[in-house]
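Have a look at the structure below before the remarks.
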Amino acid sequence: MTISKQTTEDAPHRAAAAVQLAVAGLTVSFDGVTAVRNVNLTVHQGEFVALLGPSGCGKSTLLNAIAGLVEPEAGTLRLDGETVVPANGASRLGRVAYMPQRDALLPWRTVLENATLSAEVHRSGRAAALERARELLPRFGLEGFGGHYPAALSGGMRQRAAFLRTVLTDREVLLLDEPFGALDALTRRTMQEWLLDLWNDLGHTILMVTHDVEEALLLADTVAVMTARPGTLKAVAPVELPRPRTADMTADQGFIEQKSQLLALLREELREPGSAP
């Protein structure tokens, strides 16, 4: 596993892919406390990037800045070649699809009504969105549940419904903030394999926050590791595992070696200041 510093340009399979998301020198602070400092990250079209780091290092803050939910104090952000930070106050909201840690389904709306929420908010083709949502229900494992309310769904089904809503925003870039963090281990593994199949079919560009090293290796093309707060990019590693990926790979020697290297990087960030290595 070749680990590089401060760049995501090294993964060989992306040579011909266009850069879809480029973050350069991004810094975000809250009330004088720096949460994210000088982050540089490049994500290519159709790439799956997993973002690892200690708790509180600013992973979610970085996603919020990309999505337009918080404003950085320094740095640039480019989407599809267009500079959106700084951009003379132009809003970034709605430029990417964002799925938060919790499913955030509205309990008084059915699965289909939750899935088409974006179309309603933007007043853009709700009928078409509803038709597409119905078509996608089987692909998302929700066939027969379009009229059900969230309380009637299992945890995995709720996450699939939330992901359907995210996909139906019709954005090429998907930001996923620990989408499976609240699920039990068995459901989580099932959802990981489901997401892999779906990503292969739909071809979205994904930047996903996770605390799970195995999840990062199983899903991603590239793993980016952040330092402890203030978070900056510590290292980037292309995942050297063939596709398609399966859960059985977690027992392979190559997988174990890559996992060990990433864990070593994370352990460095968990040591107390001034402690011996």
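Every chain in the structure tokens has a letter given in the order shown (A, B, ...), and although residue numbers restart at 1 in each chain, ligands are simply numbered from 1 in the order shown.
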
query: Which neighbours of Asp103 (chain A) fall inside 7 Å, counting only C-alpha atoms, when residues of the same chain fewer than 2 positions from it are skipped, and could you give them as a ChimeraX atom specification?
result: /A:100-101,105,158-159,162

Residues from last step as file, N, CA and C atoms, as an mmCIF file, in the first residue's frame:
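Below is the file that was written, again-v1.cif:
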data_model
loop_
_atom_site.group_PDB
_atom_site.id
_atom_site.type_symbol
_atom_site.label_atom_id
_atom_site.label_comp_id
_atom_site.auth_asym_id
_atom_site.auth_seq_id
_atom_site.Cartn_x
_atom_site.Cartn_y
_atom_site.Cartn_z
ATOM 1 N N PRO A 100 -26.559 12.682 5.909
ATOM 2 C CA PRO A 100 -25.957 12.807 7.241
ATOM 3 C C PRO A 100 -25.876 11.472 7.966
ATOM 4 N N GLN A 101 -25.326 11.521 9.184
ATOM 5 C CA GLN A 101 -25.106 10.291 9.945
ATOM 6 C C GLN A 101 -26.411 9.552 10.225
ATOM 7 N N LEU A 105 -35.163 10.799 8.190
ATOM 8 C CA LEU A 105 -36.444 10.663 7.500
ATOM 9 C C LEU A 105 -37.527 11.373 8.294
ATOM 10 N N ARG A 158 -34.365 1.887 6.633
ATOM 11 C CA ARG A 158 -34.378 3.341 6.794
ATOM 12 C C ARG A 158 -33.159 3.967 6.099
ATOM 13 N N GLN A 159 -31.993 3.324 6.242
ATOM 14 C CA GLN A 159 -30.799 3.855 5.593
ATOM 15 C C GLN A 159 -30.921 3.785 4.074
ATOM 16 N N ALA A 162 -33.143 6.581 3.017
ATOM 17 C CA ALA A 162 -32.411 7.845 3.059
ATOM 18 C C ALA A 162 -31.450 7.952 1.877
#

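Using only C-alpha atoms, the shortest contact distance between Leu51 (chain A) and any of A:Glu178, A:Leu26, A:Gln253, A:Leu195 is found at A:Glu178.
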
- prompt: Which parts of region 50-249 of chain A does DSSP call strand (DSSP E or B) when run on the backbone here, written out as a ChimeraX atom specification?
  reply: /A:50-52,74-79,82-85,97-99,173-177,205-209,222-226,231,233-238

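The spacing separating CA of Thr110 (chain A) from CA of Gly146 (chain A) amounts to 6.6 Å.
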
Considering only alpha helix (DSSP H) as DSSP defines it on the backbone, what residues of region 64-97 of chain A qualify? List them as a JSON list (two decimals) with N, CA and C atoms, in the first residue's frame.
[["chain", "number", "residue", "atom", "x", "y", "z"],
["A", 64, "ASN", "N", -19.44, 19.40, 5.57],
["A", 64, "ASN", "CA", -20.35, 20.54, 5.68],
["A", 64, "ASN", "C", -19.86, 21.73, 4.86],
["A", 65, "ALA", "N", -18.55, 21.94, 4.84],
["A", 65, "ALA", "CA", -17.99, 23.04, 4.05],
["A", 65, "ALA", "C", -18.18, 22.79, 2.56],
["A", 66, "ILE", "N", -17.96, 21.56, 2.14],
["A", 66, "ILE", "CA", -18.16, 21.23, 0.72],
["A", 66, "ILE", "C", -19.62, 21.41, 0.33],
["A", 67, "ALA", "N", -20.52, 21.01, 1.22],
["A", 67, "ALA", "CA", -21.96, 21.08, 0.93],
["A", 67, "ALA", "C", -22.51, 22.50, 1.01]]

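In terms of minimum interatomic distance to Ala127 (chain A), A:Ala115 ranks closest within A:Ala115, A:Glu47, A:Arg171, A:Leu63, counting only C-alpha atoms.
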
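The closest residue to Leu266 (chain A), picked from A:Arg245, A:His204, A:Arg188, A:His211 and counting only C-alpha atoms, is A:His211.
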
query: Residues at most 9 Å from region 137-141 of chain A, counting only C-alpha atoms, excluding those fewer than 3 positions away in the same chain, as JSON, numbers by chain?
result: {"A": [112, 132, 133, 134, 144, 145, 146, 157, 160, 161, 163, 164, 194, 198]}

Dump as a short mmCIF file (atom, residue, chain, number, x, y, z; two decimals), in the first residue's frame, selection limited to N, CA and C atoms:
data_model
loop_
_atom_site.label_atom_id
_atom_site.label_comp_id
_atom_site.auth_asym_id
_atom_site.auth_seq_id
_atom_site.Cartn_x
_atom_site.Cartn_y
_atom_site.Cartn_z
N LEU A 112 -41.86 6.97 -0.12
CA LEU A 112 -41.87 7.70 -1.39
C LEU A 112 -41.92 9.21 -1.16
N ARG A 132 -39.59 7.98 -10.85
CA ARG A 132 -38.26 7.37 -10.75
C ARG A 132 -38.07 6.67 -9.42
N ALA A 133 -38.59 7.27 -8.35
CA ALA A 133 -38.50 6.64 -7.03
C ALA A 133 -39.19 5.28 -7.03
N ARG A 134 -40.36 5.21 -7.64
CA ARG A 134 -41.08 3.93 -7.71
C ARG A 134 -40.26 2.90 -8.49
N GLY A 144 -42.53 -2.67 -2.36
CA GLY A 144 -43.68 -2.93 -1.51
C GLY A 144 -43.74 -2.06 -0.26
N PHE A 145 -42.71 -1.20 -0.07
CA PHE A 145 -42.66 -0.37 1.12
C PHE A 145 -42.78 1.12 0.82
N GLY A 146 -43.10 1.47 -0.42
CA GLY A 146 -43.19 2.88 -0.79
C GLY A 146 -44.21 3.66 0.02
N MET A 157 -33.39 -0.70 6.31
CA MET A 157 -34.35 -0.17 5.34
C MET A 157 -34.43 1.34 5.42
N ARG A 160 -31.51 2.71 3.57
CA ARG A 160 -31.71 2.60 2.12
C ARG A 160 -32.69 3.65 1.63
N ALA A 161 -33.72 3.92 2.42
CA ALA A 161 -34.68 4.96 2.05
C ALA A 161 -34.00 6.33 2.03
N PHE A 163 -30.85 6.84 1.50
CA PHE A 163 -29.94 6.87 0.37
C PHE A 163 -30.70 7.08 -0.94
N LEU A 164 -31.89 6.50 -1.04
CA LEU A 164 -32.73 6.74 -2.21
C LEU A 164 -33.03 8.23 -2.32
N TRP A 194 -24.28 -3.91 -0.28
CA TRP A 194 -25.34 -3.31 -1.08
C TRP A 194 -24.87 -2.00 -1.70
N LEU A 198 -24.60 -0.90 -5.67
CA LEU A 198 -25.31 0.28 -6.16
C LEU A 198 -24.34 1.28 -6.80
#

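Every protein or nucleic acid residue with an atom no more than 7 Å from Thr42 (chain A), counting only C-alpha atoms and leaving out same-chain residues fewer than 5 positions away, appears here: A:Thr8, A:Val19, A:Leu21, A:Ala22, A:Val23.
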
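Minimum distance to Thr227 (chain A) across A:Leu130, A:Leu168, A:Ile256, A:Leu270 (counting only C-alpha atoms) occurs at A:Leu270.
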
task: For each of A:Ala50, A:Ala152, A:Leu106, A:Asp170, take the minimum atom-to-atom distance to Ala220 (chain A), counting only C-alpha atoms, then give the residue where this is smallest.
output: A:Ala50

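Take the candidates A:Ala216, A:His148, A:Ala97, A:Thr83 and check each one against Glu113 (chain A) using only C-alpha atoms; the shortest distance goes to A:His148.
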
query: CA of Pro72 (chain A) to CA of Arg92 (chain A): how many Å, to one decimal?
result: 12.0 Å

Any idea what's packed within 10 Å of Leu196 (chain A), counting only C-alpha atoms, ignoring anything in its chain fewer than 2 positions away? Could you give it as an mmCIF file with all heavy atoms, in the first residue's frame?
data_model
loop_
_atom_site.group_PDB
_atom_site.id
_atom_site.type_symbol
_atom_site.label_atom_id
_atom_site.label_comp_id
_atom_site.auth_asym_id
_atom_site.auth_seq_id
_atom_site.Cartn_x
_atom_site.Cartn_y
_atom_site.Cartn_z
ATOM 1 N N PHE A 48 -14.529 6.601 -5.498
ATOM 2 C CA PHE A 48 -15.048 6.408 -4.151
ATOM 3 C C PHE A 48 -13.894 6.668 -3.188
ATOM 4 O O PHE A 48 -12.923 5.925 -3.145
ATOM 5 C CB PHE A 48 -15.564 4.982 -3.985
ATOM 6 C CG PHE A 48 -16.476 4.776 -2.795
ATOM 7 C CD1 PHE A 48 -17.694 4.110 -2.943
ATOM 8 C CD2 PHE A 48 -16.135 5.221 -1.522
ATOM 9 C CE1 PHE A 48 -18.548 3.909 -1.860
ATOM 10 C CE2 PHE A 48 -16.964 5.041 -0.443
ATOM 11 C CZ PHE A 48 -18.179 4.381 -0.613
ATOM 12 N N MET A 191 -25.188 -3.825 4.347
ATOM 13 C CA MET A 191 -25.356 -2.530 3.707
ATOM 14 C C MET A 191 -24.111 -2.107 2.933
ATOM 15 O O MET A 191 -24.196 -1.462 1.883
ATOM 16 C CB MET A 191 -25.702 -1.469 4.766
ATOM 17 C CG MET A 191 -27.080 -1.631 5.378
ATOM 18 S SD MET A 191 -28.405 -1.345 4.172
ATOM 19 C CE MET A 191 -28.156 0.387 3.809
ATOM 20 N N GLN A 192 -22.942 -2.463 3.430
ATOM 21 C CA GLN A 192 -21.710 -2.155 2.711
ATOM 22 C C GLN A 192 -21.684 -2.839 1.347
ATOM 23 O O GLN A 192 -21.354 -2.214 0.325
ATOM 24 C CB GLN A 192 -20.502 -2.593 3.546
ATOM 25 C CG GLN A 192 -20.252 -1.746 4.778
ATOM 26 C CD GLN A 192 -19.293 -2.402 5.751
ATOM 27 O OE1 GLN A 192 -18.875 -3.542 5.566
ATOM 28 N NE2 GLN A 192 -18.943 -1.684 6.805
ATOM 29 N N GLU A 193 -22.043 -4.107 1.324
ATOM 30 C CA GLU A 193 -22.053 -4.834 0.058
ATOM 31 C C GLU A 193 -23.147 -4.287 -0.867
ATOM 32 O O GLU A 193 -22.954 -4.195 -2.082
ATOM 33 C CB GLU A 193 -22.250 -6.323 0.329
ATOM 34 C CG GLU A 193 -21.065 -6.937 1.077
ATOM 35 C CD GLU A 193 -21.205 -8.428 1.270
ATOM 36 O OE1 GLU A 193 -22.353 -8.925 1.354
ATOM 37 O OE2 GLU A 193 -20.165 -9.113 1.333
ATOM 38 N N TRP A 194 -24.276 -3.910 -0.281
ATOM 39 C CA TRP A 194 -25.344 -3.307 -1.082
ATOM 40 C C TRP A 194 -24.872 -1.998 -1.702
ATOM 41 O O TRP A 194 -25.108 -1.729 -2.882
ATOM 42 C CB TRP A 194 -26.560 -3.077 -0.184
ATOM 43 C CG TRP A 194 -27.625 -2.240 -0.806
ATOM 44 C CD1 TRP A 194 -28.592 -2.644 -1.681
ATOM 45 C CD2 TRP A 194 -27.819 -0.833 -0.630
ATOM 46 N NE1 TRP A 194 -29.381 -1.577 -2.048
ATOM 47 C CE2 TRP A 194 -28.928 -0.452 -1.424
ATOM 48 C CE3 TRP A 194 -27.175 0.144 0.130
ATOM 49 C CZ2 TRP A 194 -29.398 0.851 -1.475
ATOM 50 C CZ3 TRP A 194 -27.642 1.445 0.077
ATOM 51 C CH2 TRP A 194 -28.736 1.785 -0.727
ATOM 52 N N LEU A 198 -24.599 -0.900 -5.674
ATOM 53 C CA LEU A 198 -25.309 0.278 -6.158
ATOM 54 C C LEU A 198 -24.345 1.276 -6.799
ATOM 55 O O LEU A 198 -24.635 1.844 -7.856
ATOM 56 C CB LEU A 198 -26.063 0.938 -5.005
ATOM 57 C CG LEU A 198 -27.119 1.966 -5.389
ATOM 58 C CD1 LEU A 198 -28.288 1.279 -6.081
ATOM 59 C CD2 LEU A 198 -27.604 2.703 -4.153
ATOM 60 N N TRP A 199 -23.206 1.490 -6.175
ATOM 61 C CA TRP A 199 -22.198 2.405 -6.724
ATOM 62 C C TRP A 199 -21.707 1.918 -8.082
ATOM 63 O O TRP A 199 -21.533 2.695 -9.014
ATOM 64 C CB TRP A 199 -21.048 2.539 -5.733
ATOM 65 C CG TRP A 199 -19.884 3.340 -6.241
ATOM 66 C CD1 TRP A 199 -19.839 4.684 -6.491
ATOM 67 C CD2 TRP A 199 -18.588 2.828 -6.568
ATOM 68 N NE1 TRP A 199 -18.588 5.051 -6.943
ATOM 69 C CE2 TRP A 199 -17.809 3.925 -6.998
ATOM 70 C CE3 TRP A 199 -18.013 1.569 -6.524
ATOM 71 C CZ2 TRP A 199 -16.478 3.791 -7.384
ATOM 72 C CZ3 TRP A 199 -16.692 1.424 -6.905
ATOM 73 C CH2 TRP A 199 -15.941 2.523 -7.333
ATOM 74 N N ASN A 200 -21.501 0.616 -8.210
ATOM 75 C CA ASN A 200 -21.082 0.064 -9.501
ATOM 76 C C ASN A 200 -22.125 0.330 -10.578
ATOM 77 O O ASN A 200 -21.788 0.596 -11.732
ATOM 78 C CB ASN A 200 -20.840 -1.452 -9.381
ATOM 79 C CG ASN A 200 -19.539 -1.782 -8.684
ATOM 80 O OD1 ASN A 200 -18.566 -1.037 -8.800
ATOM 81 N ND2 ASN A 200 -19.516 -2.881 -7.958
ATOM 82 N N ASP A 201 -23.405 0.269 -10.208
ATOM 83 C CA ASP A 201 -24.482 0.468 -11.177
ATOM 84 C C ASP A 201 -24.683 1.942 -11.529
ATOM 85 O O ASP A 201 -24.888 2.288 -12.697
ATOM 86 C CB ASP A 201 -25.798 -0.089 -10.621
ATOM 87 C CG ASP A 201 -25.820 -1.606 -10.610
ATOM 88 O OD1 ASP A 201 -24.925 -2.222 -11.218
ATOM 89 O OD2 ASP A 201 -26.733 -2.173 -9.982
ATOM 90 N N LEU A 218 -12.925 -1.875 2.223
ATOM 91 C CA LEU A 218 -13.869 -2.685 1.458
ATOM 92 C C LEU A 218 -14.564 -1.869 0.371
ATOM 93 O O LEU A 218 -14.816 -2.362 -0.728
ATOM 94 C CB LEU A 218 -14.916 -3.287 2.402
ATOM 95 C CG LEU A 218 -15.914 -4.272 1.786
ATOM 96 C CD1 LEU A 218 -15.205 -5.517 1.285
ATOM 97 C CD2 LEU A 218 -16.985 -4.647 2.813
ATOM 98 N N LEU A 219 -14.827 -0.592 0.644
ATOM 99 C CA LEU A 219 -15.631 0.205 -0.268
ATOM 100 C C LEU A 219 -14.816 1.076 -1.223
ATOM 101 O O LEU A 219 -15.190 1.240 -2.383
ATOM 102 C CB LEU A 219 -16.571 1.118 0.535
ATOM 103 C CG LEU A 219 -17.623 0.438 1.418
ATOM 104 C CD1 LEU A 219 -18.411 1.495 2.173
ATOM 105 C CD2 LEU A 219 -18.552 -0.438 0.605
ATOM 106 N N ALA A 220 -13.741 1.661 -0.759
ATOM 107 C CA ALA A 220 -13.150 2.814 -1.438
ATOM 108 C C ALA A 220 -12.074 2.466 -2.455
ATOM 109 O O ALA A 220 -11.417 1.425 -2.386
ATOM 110 C CB ALA A 220 -12.580 3.780 -0.408
ATOM 111 N N ARG A 243 -11.438 -5.241 -7.751
ATOM 112 C CA ARG A 243 -12.895 -5.216 -7.729
ATOM 113 C C ARG A 243 -13.390 -6.302 -8.655
ATOM 114 O O ARG A 243 -12.726 -6.619 -9.635
ATOM 115 C CB ARG A 243 -13.404 -3.835 -8.163
ATOM 116 C CG ARG A 243 -13.090 -2.721 -7.136
ATOM 117 C CD ARG A 243 -13.881 -1.480 -7.471
ATOM 118 N NE ARG A 243 -13.536 -0.358 -6.621
ATOM 119 C CZ ARG A 243 -14.059 -0.112 -5.423
ATOM 120 N NH1 ARG A 243 -14.951 -0.961 -4.934
ATOM 121 N NH2 ARG A 243 -13.711 0.933 -4.719
ATOM 122 N N PRO A 244 -14.572 -6.864 -8.379
ATOM 123 C CA PRO A 244 -15.508 -6.518 -7.295
ATOM 124 C C PRO A 244 -14.999 -6.969 -5.929
ATOM 125 O O PRO A 244 -14.278 -7.967 -5.821
ATOM 126 C CB PRO A 244 -16.786 -7.254 -7.684
ATOM 127 C CG PRO A 244 -16.318 -8.422 -8.493
ATOM 128 C CD PRO A 244 -15.111 -7.936 -9.247
ATOM 129 N N ARG A 245 -15.388 -6.231 -4.898
ATOM 130 C CA ARG A 245 -14.990 -6.520 -3.527
ATOM 131 C C ARG A 245 -16.082 -7.316 -2.827
ATOM 132 O O ARG A 245 -17.261 -7.123 -3.069
ATOM 133 C CB ARG A 245 -14.758 -5.218 -2.753
ATOM 134 C CG ARG A 245 -13.817 -4.232 -3.452
ATOM 135 C CD ARG A 245 -12.440 -4.213 -2.837
ATOM 136 N NE ARG A 245 -11.575 -3.311 -3.597
ATOM 137 C CZ ARG A 245 -11.455 -2.013 -3.348
ATOM 138 N NH1 ARG A 245 -12.135 -1.469 -2.356
ATOM 139 N NH2 ARG A 245 -10.642 -1.275 -4.076
ATOM 140 N N THR A 246 -15.649 -8.186 -1.933
ATOM 141 C CA THR A 246 -16.589 -8.948 -1.110
ATOM 142 C C THR A 246 -16.087 -8.963 0.327
ATOM 143 O O THR A 246 -14.902 -8.710 0.587
ATOM 144 C CB THR A 246 -16.738 -10.398 -1.590
ATOM 145 O OG1 THR A 246 -15.488 -11.087 -1.399
ATOM 146 C CG2 THR A 246 -17.119 -10.451 -3.070
#
